[in-house]
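Q: One file: work.cif (mmCIF, C-alpha atoms).
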```cif
data_coords
loop_
_atom_site.label_atom_id
_atom_site.label_comp_id
_atom_site.auth_asym_id
_atom_site.auth_seq_id
_atom_site.Cartn_x
_atom_site.Cartn_y
_atom_site.Cartn_z
CA MET A 1 16.13 -12.68 5.53
CA THR A 2 17.34 -15.70 7.43
CA ASP A 3 15.95 -19.18 6.91
CA THR A 4 12.39 -19.66 8.02
CA HIS A 5 11.43 -22.30 10.51
CA LEU A 6 8.03 -23.00 11.99
CA PRO A 7 8.13 -23.30 15.80
CA GLU A 8 6.67 -26.46 17.33
CA ARG A 9 3.52 -25.00 18.89
CA LEU A 10 2.49 -23.18 15.74
CA ALA A 11 3.15 -26.35 13.77
CA GLU A 12 0.93 -28.29 16.20
CA PHE A 13 -1.88 -25.76 15.82
CA ARG A 14 -1.64 -26.13 12.07
CA GLU A 15 -1.82 -29.92 12.35
CA GLU A 16 -4.93 -29.60 14.49
CA PHE A 17 -6.66 -27.53 11.82
CA LEU A 18 -5.56 -29.66 8.88
CA GLU A 19 -6.64 -32.90 10.57
CA LEU A 20 -10.23 -31.66 10.69
CA PRO A 21 -12.68 -31.74 7.82
CA GLN A 22 -13.19 -28.28 6.32
CA GLU A 23 -16.58 -27.73 7.99
CA ASP A 24 -15.21 -28.35 11.51
CA ARG A 25 -12.26 -25.98 11.26
CA LEU A 26 -14.35 -22.95 12.18
CA GLU A 27 -15.30 -24.67 15.44
CA LEU A 28 -11.64 -25.01 16.32
CA LEU A 29 -11.03 -21.35 15.48
CA LEU A 30 -13.88 -20.52 17.83
CA GLU A 31 -12.18 -22.55 20.58
CA PHE A 32 -9.01 -20.57 20.04
CA SER A 33 -11.09 -17.42 20.18
CA ALA A 34 -12.41 -18.38 23.62
CA GLU A 35 -8.88 -19.17 24.80
CA LEU A 36 -7.31 -15.80 23.99
CA PRO A 37 -5.18 -15.32 27.12
CA PRO A 38 -6.14 -12.30 29.23
CA VAL A 39 -3.59 -9.49 29.22
CA PRO A 40 -1.50 -8.99 32.38
CA ASP A 41 -2.81 -6.46 34.91
CA TYR A 42 -0.21 -3.83 34.11
CA LEU A 43 -1.39 -3.73 30.49
CA ALA A 44 -5.11 -3.77 31.16
CA GLY A 45 -6.76 -0.57 30.03
CA LYS A 46 -3.48 0.89 28.77
CA GLN A 47 -4.36 1.19 25.11
CA GLU A 48 -1.41 3.50 24.45
CA LEU A 49 1.01 0.61 25.03
CA TYR A 50 -0.53 -1.39 22.21
CA GLU A 51 -0.20 -1.25 18.47
CA ARG A 52 -3.42 -1.35 16.49
CA VAL A 53 -3.48 -3.95 13.76
CA ALA A 54 -4.93 -1.94 10.89
CA GLU A 55 -5.25 -5.01 8.65
CA CYS A 56 -8.00 -6.41 10.83
CA GLN A 57 -11.60 -5.39 10.32
CA SER A 58 -12.24 -5.22 14.04
CA PRO A 59 -10.17 -3.29 16.56
CA VAL A 60 -7.38 -5.58 17.69
CA PHE A 61 -4.33 -4.43 19.57
CA ILE A 62 -1.07 -6.24 20.16
CA HIS A 63 1.79 -5.68 22.54
CA ILE A 64 5.10 -7.53 22.40
CA GLU A 65 7.54 -7.86 25.27
CA VAL A 66 11.07 -9.18 24.95
CA ASN A 67 12.69 -10.14 28.26
CA ASP A 68 16.19 -11.67 28.16
CA GLY A 69 15.62 -12.64 24.55
CA VAL A 70 12.29 -14.37 25.29
CA VAL A 71 9.14 -13.02 23.64
CA ALA A 72 5.66 -12.61 25.10
CA MET A 73 2.75 -11.52 22.89
CA HIS A 74 -0.38 -9.96 24.36
CA ALA A 75 -3.48 -9.12 22.36
CA THR A 76 -6.96 -7.72 22.91
CA ALA A 77 -9.91 -7.96 20.55
CA PRO A 78 -13.63 -7.40 21.11
CA VAL A 79 -15.82 -10.40 21.94
CA ASP A 80 -18.08 -9.59 19.00
CA ALA A 81 -15.13 -10.18 16.66
CA PRO A 82 -14.50 -13.89 17.32
CA THR A 83 -12.61 -14.52 14.07
CA THR A 84 -10.10 -11.81 14.86
CA ARG A 85 -9.85 -13.05 18.45
CA GLY A 86 -9.18 -16.55 17.18
CA PHE A 87 -6.32 -15.34 14.99
CA ALA A 88 -4.85 -13.32 17.85
CA SER A 89 -5.14 -16.30 20.17
CA ILE A 90 -3.28 -18.65 17.80
CA LEU A 91 -0.43 -16.18 17.47
CA ALA A 92 -0.27 -15.12 21.14
CA GLN A 93 -0.22 -18.76 22.31
CA GLY A 94 2.17 -19.80 19.57
CA ILE A 95 4.63 -16.95 19.95
CA THR A 96 4.80 -16.46 23.72
CA GLY A 97 7.84 -18.24 25.11
CA LEU A 98 9.81 -18.28 21.86
CA THR A 99 13.15 -16.54 21.43
CA ALA A 100 13.29 -13.39 19.33
CA ASP A 101 15.10 -15.26 16.56
CA GLU A 102 12.46 -17.96 16.52
CA VAL A 103 9.67 -15.40 16.17
CA LEU A 104 11.47 -13.66 13.33
CA ALA A 105 11.90 -17.00 11.55
CA ILE A 106 8.15 -17.72 11.44
CA PRO A 107 7.22 -17.85 7.75
CA GLY A 108 5.11 -14.87 6.70
CA ASP A 109 2.62 -17.15 4.96
CA TYR A 110 1.84 -19.16 8.10
CA PRO A 111 -1.77 -17.83 8.22
CA GLN A 112 -2.38 -19.06 4.67
CA THR A 113 -1.24 -22.57 5.55
CA LEU A 114 -3.79 -23.25 8.33
CA GLY A 115 -6.37 -24.58 5.90
CA LEU A 116 -8.82 -21.83 6.81
CA THR A 117 -8.76 -19.84 3.60
CA LYS A 118 -11.79 -21.60 2.21
CA SER A 119 -14.00 -21.40 5.29
CA VAL A 120 -12.88 -17.96 6.43
CA SER A 121 -12.05 -16.28 3.05
CA PRO A 122 -8.68 -14.91 1.88
CA LEU A 123 -9.64 -11.35 2.77
CA ARG A 124 -10.18 -12.21 6.42
CA ILE A 125 -6.99 -14.27 6.59
CA GLY A 126 -5.17 -11.09 5.52
CA GLY A 127 -5.91 -9.70 8.99
CA MET A 128 -3.93 -12.48 10.61
CA THR A 129 -0.99 -11.86 8.30
CA GLY A 130 -1.04 -8.21 9.36
CA MET A 131 -0.96 -9.28 13.01
CA LEU A 132 2.04 -11.56 12.46
CA VAL A 133 3.99 -8.97 10.48
CA ARG A 134 3.40 -6.34 13.16
CA ALA A 135 4.39 -8.73 15.94
CA GLN A 136 7.65 -9.52 14.15
CA ARG A 137 8.33 -5.83 13.61
CA GLN A 138 7.86 -5.13 17.32
CA VAL A 139 10.21 -7.98 18.16
CA ARG A 140 12.83 -6.51 15.86
CA ALA A 141 12.46 -3.11 17.52
CA LYS A 142 12.47 -4.38 21.09
CA ARG A 143 15.03 -7.17 21.08
CA MET B 1 -46.09 -20.41 2.65
CA THR B 2 -45.55 -16.85 3.82
CA VAL B 3 -46.09 -15.39 7.24
CA GLU B 4 -48.30 -12.35 7.88
CA HIS B 5 -46.65 -8.94 7.92
CA ASP B 6 -45.62 -6.98 10.97
CA THR B 7 -48.18 -4.19 11.16
CA SER B 8 -47.36 -3.18 14.72
CA SER B 9 -45.07 -0.26 13.92
CA THR B 10 -46.35 3.21 13.05
CA LYS B 11 -42.84 4.02 11.80
CA PHE B 12 -42.95 1.19 9.27
CA ALA B 13 -46.42 2.21 8.09
CA GLU B 14 -44.95 5.42 6.67
CA TYR B 15 -42.47 3.56 4.46
CA SER B 16 -43.26 2.64 0.87
CA ALA B 17 -42.82 -1.09 1.57
CA PRO B 18 -43.52 -1.64 5.29
CA GLU B 19 -43.76 -5.38 4.64
CA ARG B 20 -39.98 -5.46 4.17
CA LEU B 21 -39.30 -4.87 7.87
CA VAL B 22 -40.12 -6.59 11.13
CA THR B 23 -39.55 -5.41 14.67
CA THR B 24 -37.56 -7.44 17.17
CA GLU B 25 -40.80 -7.86 19.16
CA TRP B 26 -42.55 -9.34 16.15
CA LEU B 27 -39.69 -11.70 15.52
CA ALA B 28 -39.61 -12.86 19.13
CA ALA B 29 -43.34 -13.56 18.97
CA ASN B 30 -43.18 -15.38 15.64
CA LEU B 31 -40.11 -17.58 16.10
CA GLY B 32 -40.78 -21.15 15.06
CA LYS B 33 -43.78 -20.28 12.92
CA PRO B 34 -44.15 -22.58 9.89
CA GLY B 35 -43.06 -20.79 6.72
CA LEU B 36 -40.67 -18.45 8.55
CA VAL B 37 -36.91 -18.89 8.25
CA VAL B 38 -34.62 -16.58 10.20
CA VAL B 39 -31.20 -15.90 8.66
CA GLU B 40 -28.21 -14.30 10.36
CA SER B 41 -25.65 -12.63 8.11
CA ASP B 42 -22.62 -10.99 9.71
CA GLU B 43 -19.32 -9.47 8.83
CA ASP B 44 -17.55 -11.82 11.24
CA VAL B 45 -17.82 -15.38 9.98
CA LEU B 46 -17.81 -16.80 13.55
CA LEU B 47 -20.14 -14.37 15.30
CA TYR B 48 -23.19 -16.55 14.64
CA GLU B 49 -21.49 -19.47 16.38
CA THR B 50 -20.98 -17.44 19.56
CA GLY B 51 -24.75 -17.13 19.89
CA HIS B 52 -27.67 -16.59 17.52
CA ILE B 53 -31.42 -16.25 17.61
CA ALA B 54 -33.00 -19.65 18.24
CA GLY B 55 -33.63 -21.49 14.99
CA ALA B 56 -31.70 -19.02 12.83
CA VAL B 57 -29.43 -20.29 10.05
CA LYS B 58 -26.20 -18.58 9.01
CA VAL B 59 -25.52 -17.25 5.54
CA ASP B 60 -22.00 -15.92 5.06
CA TRP B 61 -21.35 -13.34 2.35
CA HIS B 62 -17.72 -14.26 1.65
CA THR B 63 -17.91 -18.00 1.60
CA GLU B 64 -21.50 -18.64 0.52
CA LEU B 65 -22.98 -15.77 -1.52
CA ASN B 66 -19.85 -15.05 -3.54
CA ASP B 67 -18.47 -17.27 -6.26
CA PRO B 68 -15.22 -18.75 -4.95
CA VAL B 69 -13.25 -17.90 -8.09
CA VAL B 70 -14.80 -15.12 -10.16
CA ARG B 71 -15.69 -11.83 -8.48
CA ASP B 72 -19.39 -12.39 -8.81
CA TYR B 73 -22.30 -13.94 -6.94
CA VAL B 74 -23.19 -17.59 -7.09
CA ASP B 75 -25.30 -18.62 -10.08
CA GLY B 76 -28.80 -20.05 -10.06
CA LYS B 77 -27.56 -23.55 -9.39
CA GLY B 78 -25.25 -22.41 -6.60
CA PHE B 79 -28.02 -20.40 -4.96
CA ALA B 80 -30.45 -23.29 -5.19
CA GLU B 81 -27.90 -25.61 -3.57
CA LEU B 82 -27.17 -23.09 -0.82
CA LEU B 83 -30.80 -22.46 0.05
CA SER B 84 -31.70 -26.15 -0.16
CA ARG B 85 -28.88 -26.91 2.27
CA LYS B 86 -30.09 -24.17 4.63
CA GLY B 87 -33.60 -25.57 4.55
CA ILE B 88 -35.24 -22.61 2.83
CA SER B 89 -38.11 -23.04 0.37
CA ARG B 90 -38.89 -20.66 -2.46
CA ASP B 91 -42.15 -19.56 -0.82
CA ASP B 92 -40.77 -19.20 2.71
CA THR B 93 -40.71 -15.85 4.46
CA VAL B 94 -37.03 -15.10 5.06
CA VAL B 95 -36.24 -12.65 7.85
CA ILE B 96 -32.61 -11.50 7.96
CA TYR B 97 -30.65 -9.82 10.74
CA GLY B 98 -26.96 -9.19 11.34
CA ASP B 99 -24.17 -7.20 12.94
CA LYS B 100 -22.87 -3.75 11.96
CA ASN B 101 -26.31 -2.16 11.56
CA ASN B 102 -27.44 -4.89 9.19
CA TRP B 103 -24.83 -4.17 6.49
CA TRP B 104 -24.48 -7.83 5.59
CA ALA B 105 -28.12 -8.53 6.29
CA ALA B 106 -29.07 -5.87 3.72
CA TYR B 107 -26.46 -7.28 1.37
CA ALA B 108 -27.88 -10.78 1.73
CA LEU B 109 -31.40 -9.43 1.22
CA TRP B 110 -30.22 -7.73 -1.97
CA VAL B 111 -28.62 -10.95 -3.25
CA PHE B 112 -31.79 -12.93 -2.40
CA SER B 113 -33.67 -10.29 -4.40
CA LEU B 114 -31.39 -10.82 -7.44
CA PHE B 115 -32.77 -14.33 -7.47
CA GLY B 116 -36.30 -13.07 -7.08
CA HIS B 117 -36.94 -14.62 -3.66
CA GLU B 118 -40.20 -12.88 -3.04
CA ASP B 119 -40.71 -12.52 0.68
CA VAL B 120 -37.47 -11.42 2.30
CA ARG B 121 -37.42 -8.94 5.19
CA LEU B 122 -34.98 -7.24 7.56
CA VAL B 123 -35.14 -7.05 11.33
CA ASP B 124 -35.10 -3.33 12.11
CA GLY B 125 -32.05 -2.66 14.28
CA GLY B 126 -30.48 -6.06 13.61
CA ARG B 127 -28.46 -8.18 15.98
CA ASP B 128 -27.37 -5.31 18.19
CA LYS B 129 -30.92 -4.19 18.96
CA TRP B 130 -31.97 -7.76 19.75
CA ILE B 131 -29.08 -8.03 22.22
CA ALA B 132 -29.57 -4.53 23.64
CA GLU B 133 -33.14 -5.50 24.52
CA GLY B 134 -31.86 -8.45 26.50
CA ARG B 135 -33.37 -11.01 24.16
CA GLU B 136 -32.02 -14.52 24.16
CA LEU B 137 -29.32 -16.00 21.98
CA THR B 138 -28.41 -19.65 21.82
CA THR B 139 -25.40 -21.66 20.67
CA GLU B 140 -27.58 -24.65 19.94
CA LYS B 141 -27.09 -25.83 16.38
CA THR B 142 -30.00 -25.16 14.09
CA VAL B 143 -31.10 -28.25 12.25
CA ARG B 144 -33.51 -27.69 9.39
CA PRO B 145 -34.43 -30.44 6.95
CA ALA B 146 -33.00 -29.78 3.49
CA THR B 147 -35.41 -28.43 0.90
CA GLU B 148 -35.48 -28.51 -2.86
CA TYR B 149 -35.06 -24.88 -3.76
CA PRO B 150 -35.60 -24.47 -7.51
CA VAL B 151 -32.83 -23.29 -9.83
CA VAL B 152 -33.76 -19.72 -10.70
CA GLU B 153 -31.36 -17.71 -12.82
CA ARG B 154 -30.10 -14.52 -11.25
CA ASP B 155 -31.51 -11.35 -12.79
CA ASP B 156 -28.97 -8.54 -12.44
CA SER B 157 -30.73 -6.18 -14.84
CA LYS B 158 -32.95 -4.34 -12.38
CA LEU B 159 -31.07 -4.20 -9.09
CA ARG B 160 -27.40 -4.41 -10.00
CA ALA B 161 -25.17 -2.00 -11.92
CA TYR B 162 -21.89 -2.96 -13.60
CA LYS B 163 -19.02 -0.59 -14.21
CA GLU B 164 -20.14 -0.09 -17.83
CA ASP B 165 -23.64 0.83 -16.67
CA VAL B 166 -22.19 3.42 -14.31
CA LEU B 167 -20.01 4.94 -17.05
CA LYS B 168 -23.11 5.45 -19.19
CA PHE B 169 -25.13 6.73 -16.24
CA ILE B 170 -22.80 9.58 -15.25
CA GLY B 171 -24.42 12.85 -16.27
CA HIS B 172 -27.81 11.20 -16.83
CA GLY B 173 -28.87 10.25 -13.33
CA PRO B 174 -27.87 10.61 -9.70
CA LEU B 175 -25.13 8.54 -8.12
CA ILE B 176 -24.96 8.20 -4.35
CA ASP B 177 -21.62 7.52 -2.71
CA VAL B 178 -22.30 6.07 0.74
CA ARG B 179 -18.69 5.86 2.01
CA SER B 180 -17.14 8.04 4.69
CA PRO B 181 -16.31 11.66 3.78
CA GLU B 182 -12.57 10.82 3.80
CA GLU B 183 -13.04 8.05 1.29
CA TYR B 184 -15.23 10.31 -0.86
CA SER B 185 -12.69 13.09 -1.02
CA GLY B 186 -9.88 10.67 -1.73
CA GLU B 187 -7.98 11.39 1.47
CA ARG B 188 -8.33 7.67 2.16
CA THR B 189 -8.47 4.83 -0.33
CA HIS B 190 -10.12 2.52 2.20
CA MET B 191 -12.27 2.60 5.30
CA PRO B 192 -10.42 3.10 8.55
CA ALA B 193 -9.37 -0.43 9.59
CA TYR B 194 -10.13 -2.02 6.23
CA PRO B 195 -6.85 -1.56 4.32
CA ASP B 196 -7.16 -4.92 2.61
CA GLU B 197 -10.10 -3.65 0.65
CA SER B 198 -8.18 -0.84 -0.88
CA SER B 199 -7.86 0.69 -4.33
CA LEU B 200 -5.08 2.30 -6.29
CA ARG B 201 -6.69 5.75 -6.55
CA GLY B 202 -8.72 7.87 -4.16
CA GLY B 203 -11.79 10.00 -4.80
CA HIS B 204 -15.27 9.39 -6.14
CA ILE B 205 -17.22 8.82 -9.35
CA PRO B 206 -17.89 12.20 -11.05
CA THR B 207 -21.25 13.78 -10.08
CA ALA B 208 -21.80 11.38 -7.14
CA GLN B 209 -23.38 12.95 -4.06
CA SER B 210 -21.88 12.00 -0.72
CA VAL B 211 -24.48 10.54 1.66
CA PRO B 212 -22.75 8.22 4.15
CA TRP B 213 -24.91 5.14 4.77
CA SER B 214 -25.02 5.77 8.52
CA ARG B 215 -27.13 8.89 8.08
CA ALA B 216 -30.12 6.59 7.54
CA VAL B 217 -29.67 4.99 10.96
CA ALA B 218 -31.50 6.15 14.09
CA GLU B 219 -30.06 6.10 17.58
CA ASP B 220 -31.58 2.73 18.39
CA GLY B 221 -29.82 1.20 15.38
CA GLY B 222 -33.02 0.95 13.33
CA PHE B 223 -33.90 3.02 10.28
CA LYS B 224 -34.89 6.67 10.70
CA PRO B 225 -38.54 7.59 10.15
CA ARG B 226 -39.56 8.38 6.58
CA ALA B 227 -39.73 12.17 7.02
CA GLU B 228 -36.13 12.24 8.27
CA LEU B 229 -34.97 10.02 5.42
CA GLU B 230 -36.70 12.29 2.89
CA ALA B 231 -34.94 15.30 4.38
CA ILE B 232 -31.60 13.55 3.83
CA TYR B 233 -32.07 12.02 0.38
CA LEU B 234 -34.63 14.32 -1.28
CA GLU B 235 -33.94 17.75 0.18
CA GLY B 236 -30.33 17.09 1.10
CA ALA B 237 -28.97 15.05 -1.80
CA GLY B 238 -31.50 16.38 -4.31
CA LEU B 239 -32.96 13.05 -5.43
CA LYS B 240 -36.28 13.45 -7.21
CA LYS B 241 -39.13 11.01 -6.72
CA GLY B 242 -39.27 8.36 -9.39
CA GLU B 243 -35.74 8.98 -10.60
CA ASP B 244 -33.31 6.13 -11.40
CA VAL B 245 -30.47 5.98 -8.86
CA ILE B 246 -27.20 4.07 -8.52
CA ALA B 247 -25.57 3.65 -5.11
CA TYR B 248 -22.05 2.44 -4.43
CA CYS B 249 -19.50 2.12 -1.63
CA ARG B 250 -16.33 0.05 -1.47
CA ILE B 251 -17.43 -3.53 -2.06
CA GLY B 252 -21.20 -3.12 -2.17
CA GLU B 253 -22.27 -3.91 1.36
CA ARG B 254 -22.84 -0.44 2.78
CA SER B 255 -24.56 0.54 -0.47
CA SER B 256 -26.92 -2.44 -0.08
CA HIS B 257 -28.03 -0.72 3.12
CA THR B 258 -28.70 2.52 1.21
CA TRP B 259 -30.26 0.57 -1.67
CA PHE B 260 -32.72 -0.88 0.87
CA VAL B 261 -33.54 2.59 2.18
CA LEU B 262 -34.10 4.13 -1.26
CA ASN B 263 -35.96 1.18 -2.72
CA HIS B 264 -38.07 -0.20 0.10
CA LEU B 265 -38.42 2.73 2.49
CA LEU B 266 -38.59 5.71 0.11
CA GLY B 267 -40.12 3.96 -2.89
CA PHE B 268 -37.53 4.60 -5.60
CA GLU B 269 -38.40 1.84 -8.03
CA ASN B 270 -35.21 1.79 -10.07
CA VAL B 271 -32.32 1.78 -7.66
CA ARG B 272 -29.27 -0.25 -8.56
CA ASN B 273 -26.39 -1.23 -6.34
CA TYR B 274 -22.99 -0.97 -8.01
CA ASP B 275 -21.30 -3.77 -6.07
CA GLY B 276 -17.99 -3.42 -7.93
CA SER B 277 -17.90 -0.10 -6.11
CA TRP B 278 -14.68 1.67 -5.25
CA THR B 279 -12.51 -1.44 -5.13
CA GLU B 280 -13.24 -1.78 -8.84
CA TRP B 281 -13.61 1.86 -9.91
CA GLY B 282 -10.63 3.12 -7.93
CA SER B 283 -8.36 0.54 -9.56
CA ALA B 284 -9.81 0.50 -13.08
CA VAL B 285 -7.75 1.98 -15.90
CA ARG B 286 -8.94 5.21 -17.53
CA VAL B 287 -12.24 5.71 -15.72
CA PRO B 288 -12.98 9.30 -14.65
CA ILE B 289 -12.42 10.17 -10.98
CA VAL B 290 -13.01 13.34 -9.01
CA ALA B 291 -10.90 14.08 -5.93
CA GLY B 292 -12.03 16.49 -3.22
CA THR B 293 -15.31 17.26 -1.53
CA GLU B 294 -17.31 18.52 -4.55
CA PRO B 295 -19.29 16.06 -6.73
CA GLY B 296 -17.59 17.44 -9.85
CA THR B 297 -18.56 16.98 -13.48
CA LEU B 298 -17.67 14.47 -16.14
#
```
I need this file expressed as structure tokens, please.
A:
Amino acid sequence: MTDTHLPERLAEFREEFLELPQEDRLELLLEFSAELPPVPDYLAGKQELYERVAECQSPVFIHIEVNDGVVAMHATAPVDAPTTRGFASILAQGITGLTADEVLAIPGDYPQTLGLTKSVSPLRIGGMTGMLVRAQRQVRAKR
Amino acid sequence: MTVEHDTSSTKFAEYSAPERLVTTEWLAANLGKPGLVVVESDEDVLLYETGHIAGAVKVDWHTELNDPVVRDYVDGKGFAELLSRKGISRDDTVVIYGDKNNWWAAYALWVFSLFGHEDVRLVDGGRDKWIAEGRELTTEKTVRPATEYPVVERDDSKLRAYKEDVLKFIGHGPLIDVRSPEEYSGERTHMPAYPDESSLRGGHIPTAQSVPWSRAVAEDGGFKPRAELEAIYLEGAGLKKGEDVIAYCRIGERSSHTWFVLNHLLGFENVRNYDGSWTEWGSAVRVPIVAGTEPGTL
């Protein structure tokens, strides 16, 4: 494994969470949830192109593209699973635009460092870790 | 102060404790009534924030009902603090609803019952039925003045089974395994999509009958009528009236749903929920396990 380094956007997201008192962090996660970018037209409805993230309690699917070394992450999750959507949104916004090497360098414990473990519970955070690990694996396969 | 019971449903009237359920219609008509507190309890910790029934407060199973360190529920002091903060009084009527066919709502009701909160009811059909009927949700924050809920020690003896209780119970009384058939047989050590809540071994507790929780649910998401439930649990699983029963699943939430059915709808007085369930049993050292589709013997 190479050295880990947290990309700027993901670091900013973390700052935003940690700046807030514990009880307001869920509100921010909800904002992320609402901002999950829509998937591009050519992916819409094409479930077979996605990988299901089995670590999440709700059905969430991710799809990674690597074009000229630059990564784009797309994710879908049901509206009645806002926590999962929030996690997907943080990662999709934080990863898209990075180089493959940068994505692979994201520390695997990033989800645990957002300061959400207490208000969301460790079990639920595990779903986000699963999402990150799967995204990195796809990058490795597609680069 | 408690609120009068919902006597509008002929389906409820057949159950042994019809006062434990309310219809969505009843709830809509009684919102805001003094003495009534509506509680939403979901699997997703943020679902409530996306929209909830007006005036409802959220109770989260992970972060509020469980002790943050030990795998156990909060103690009497913790429960009193929680309910005081939510603005619930000891004599309030608490009506609970939630997602996933009321799994967590039933779980919360069971935990409230461990503390002897007397009047606690479920909304038949839960959150999904409320939404399916086009009823309103709001994102407006619920503000309830804090109360002084008394410190009442939790009584696990009647409603909760520990691993040791289950070990002694095998061969003496019926166990009901409410997980999916694949989890029961041991093909899977976790529910599809829930690999974090896994165990080291697959299978079921010897002698346990497999009755997946969802068999108690009707098409509209509410509970099936009593006659249908009796066909499943009495004729089907062979439970005898008046018998002591222990139900379990993976972490105790789906079995709270079945506990509710057996206790409040079919009148089994001594039903215990083994909340350690398969995440404990399937990882414990030297406890007996049966793999395959037959209940097996000890």
Q: Specify as a ChimeraX atom specification each residue included when the PyMOL selection byres ((chain A and resi 118) around 10) is applied to this file.
A: /A:22-23,115-117,119-122,125 /B:62-63,68
Q: Once you count all atoms listed in the file, which residues of chain A turn out to be within 10 Å of chain B? Could you give them as an NGL selection string?
A: :A and (26-27 or 29-30 or 33-34 or 52-60 or 79-84 or 86 or 117-124 or 126-127 or 130)
Q: Atom CA of B:Glu228 and atom CA of B:Leu21 are how many Å apart?
A: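 About the pair atom CA of B:Glu228 and atom CA of B:Leu21: they are 17.4 Å apart.
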Q: So that I can check the surroundings of A:Glu65, please list as a PyMOL selection string every protein, DNA and RNA residue that reaches within 9 Å of it, counting only C-alpha atoms and ignoring chain neighbours fewer than 2 positions away.
A: chain A and resi 63+67+70-74+138-139+142-143
Q: Got a sec to check which residues sit within 9 Å of (-34.8, 6.0, 0.0), counting all atoms listed in the file, and write them as a list in words?
A: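 Residues close enough to count: Ala216, Arg226, Leu229, Glu230, Tyr233, Leu234, Thr258, Trp259, Phe260, Val261, Leu262, Asn263, His264, Leu265, Leu266, Gly267 and Phe268 of chain B.
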Q: Produce a file of the selected residues containing C-alpha atoms, as a PDB file, keeping the file's coordinate frame.
A:
```pdb
ATOM      1  CA  ALA B 216     -30.120   6.590   7.540  1.00  0.00           C
ATOM      2  CA  ARG B 226     -39.560   8.380   6.580  1.00  0.00           C
ATOM      3  CA  LEU B 229     -34.970  10.020   5.420  1.00  0.00           C
ATOM      4  CA  GLU B 230     -36.700  12.290   2.890  1.00  0.00           C
ATOM      5  CA  TYR B 233     -32.070  12.020   0.380  1.00  0.00           C
ATOM      6  CA  LEU B 234     -34.630  14.320  -1.280  1.00  0.00           C
ATOM      7  CA  THR B 258     -28.700   2.520   1.210  1.00  0.00           C
ATOM      8  CA  TRP B 259     -30.260   0.570  -1.670  1.00  0.00           C
ATOM      9  CA  PHE B 260     -32.720  -0.880   0.870  1.00  0.00           C
ATOM     10  CA  VAL B 261     -33.540   2.590   2.180  1.00  0.00           C
ATOM     11  CA  LEU B 262     -34.100   4.130  -1.260  1.00  0.00           C
ATOM     12  CA  ASN B 263     -35.960   1.180  -2.720  1.00  0.00           C
ATOM     13  CA  HIS B 264     -38.070  -0.200   0.100  1.00  0.00           C
ATOM     14  CA  LEU B 265     -38.420   2.730   2.490  1.00  0.00           C
ATOM     15  CA  LEU B 266     -38.590   5.710   0.110  1.00  0.00           C
ATOM     16  CA  GLY B 267     -40.120   3.960  -2.890  1.00  0.00           C
ATOM     17  CA  PHE B 268     -37.530   4.600  -5.600  1.00  0.00           C
TER      18      PHE B 268
END
```
Q: One decimal, in Å: what's the spacing between atom CA of B:Val3 and atom CA of B:Asp92?
A: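 About the pair atom CA of B:Val3 and atom CA of B:Asp92: they are 8.0 Å apart.
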Q: Expand the PyMOL selection byres ((chain B and resi 19) around 7) into the individual residues it matches in the shown file, reporting them as a PDB file with C-alpha atoms, keeping the file's coordinate frame.
A:
```pdb
ATOM      1  CA  HIS B   5     -46.650  -8.940   7.920  1.00  0.00           C
ATOM      2  CA  ASP B   6     -45.620  -6.980  10.970  1.00  0.00           C
ATOM      3  CA  ALA B  17     -42.820  -1.090   1.570  1.00  0.00           C
ATOM      4  CA  PRO B  18     -43.520  -1.640   5.290  1.00  0.00           C
ATOM      5  CA  ARG B  20     -39.980  -5.460   4.170  1.00  0.00           C
ATOM      6  CA  LEU B  21     -39.300  -4.870   7.870  1.00  0.00           C
TER       7      LEU B  21
END
```
Q: Can you pull out every residue within 8 Å of stretch 102-117 of chain B, counting all atoms listed in the file, but drop anything in the same chain fewer than 3 positions away, and send it as a PyMOL selection string?
A: chain B and resi 40-43+59+61+65+73+76+90-91+96-99+120-122+125-127+152-156+159-160+252-254+256-257+260
Q: Restricted to C-alpha atoms, what would the selected residues look like written as a compact mmCIF listing (two decimals), keeping the file's coordinate frame?
A:
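Output saved as out.txt:
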```
# COMPACT_ATOMS: atom_id res chain seq x y z
CA GLU B 40 -28.21 -14.30 10.36
CA SER B 41 -25.65 -12.63 8.11
CA ASP B 42 -22.62 -10.99 9.71
CA GLU B 43 -19.32 -9.47 8.83
CA VAL B 59 -25.52 -17.25 5.54
CA TRP B 61 -21.35 -13.34 2.35
CA LEU B 65 -22.98 -15.77 -1.52
CA TYR B 73 -22.30 -13.94 -6.94
CA GLY B 76 -28.80 -20.05 -10.06
CA ARG B 90 -38.89 -20.66 -2.46
CA ASP B 91 -42.15 -19.56 -0.82
CA ILE B 96 -32.61 -11.50 7.96
CA TYR B 97 -30.65 -9.82 10.74
CA GLY B 98 -26.96 -9.19 11.34
CA ASP B 99 -24.17 -7.20 12.94
CA VAL B 120 -37.47 -11.42 2.30
CA ARG B 121 -37.42 -8.94 5.19
CA LEU B 122 -34.98 -7.24 7.56
CA GLY B 125 -32.05 -2.66 14.28
CA GLY B 126 -30.48 -6.06 13.61
CA ARG B 127 -28.46 -8.18 15.98
CA VAL B 152 -33.76 -19.72 -10.70
CA GLU B 153 -31.36 -17.71 -12.82
CA ARG B 154 -30.10 -14.52 -11.25
CA ASP B 155 -31.51 -11.35 -12.79
CA ASP B 156 -28.97 -8.54 -12.44
CA LEU B 159 -31.07 -4.20 -9.09
CA ARG B 160 -27.40 -4.41 -10.00
CA GLY B 252 -21.20 -3.12 -2.17
CA GLU B 253 -22.27 -3.91 1.36
CA ARG B 254 -22.84 -0.44 2.78
CA SER B 256 -26.92 -2.44 -0.08
CA HIS B 257 -28.03 -0.72 3.12
CA PHE B 260 -32.72 -0.88 0.87
```
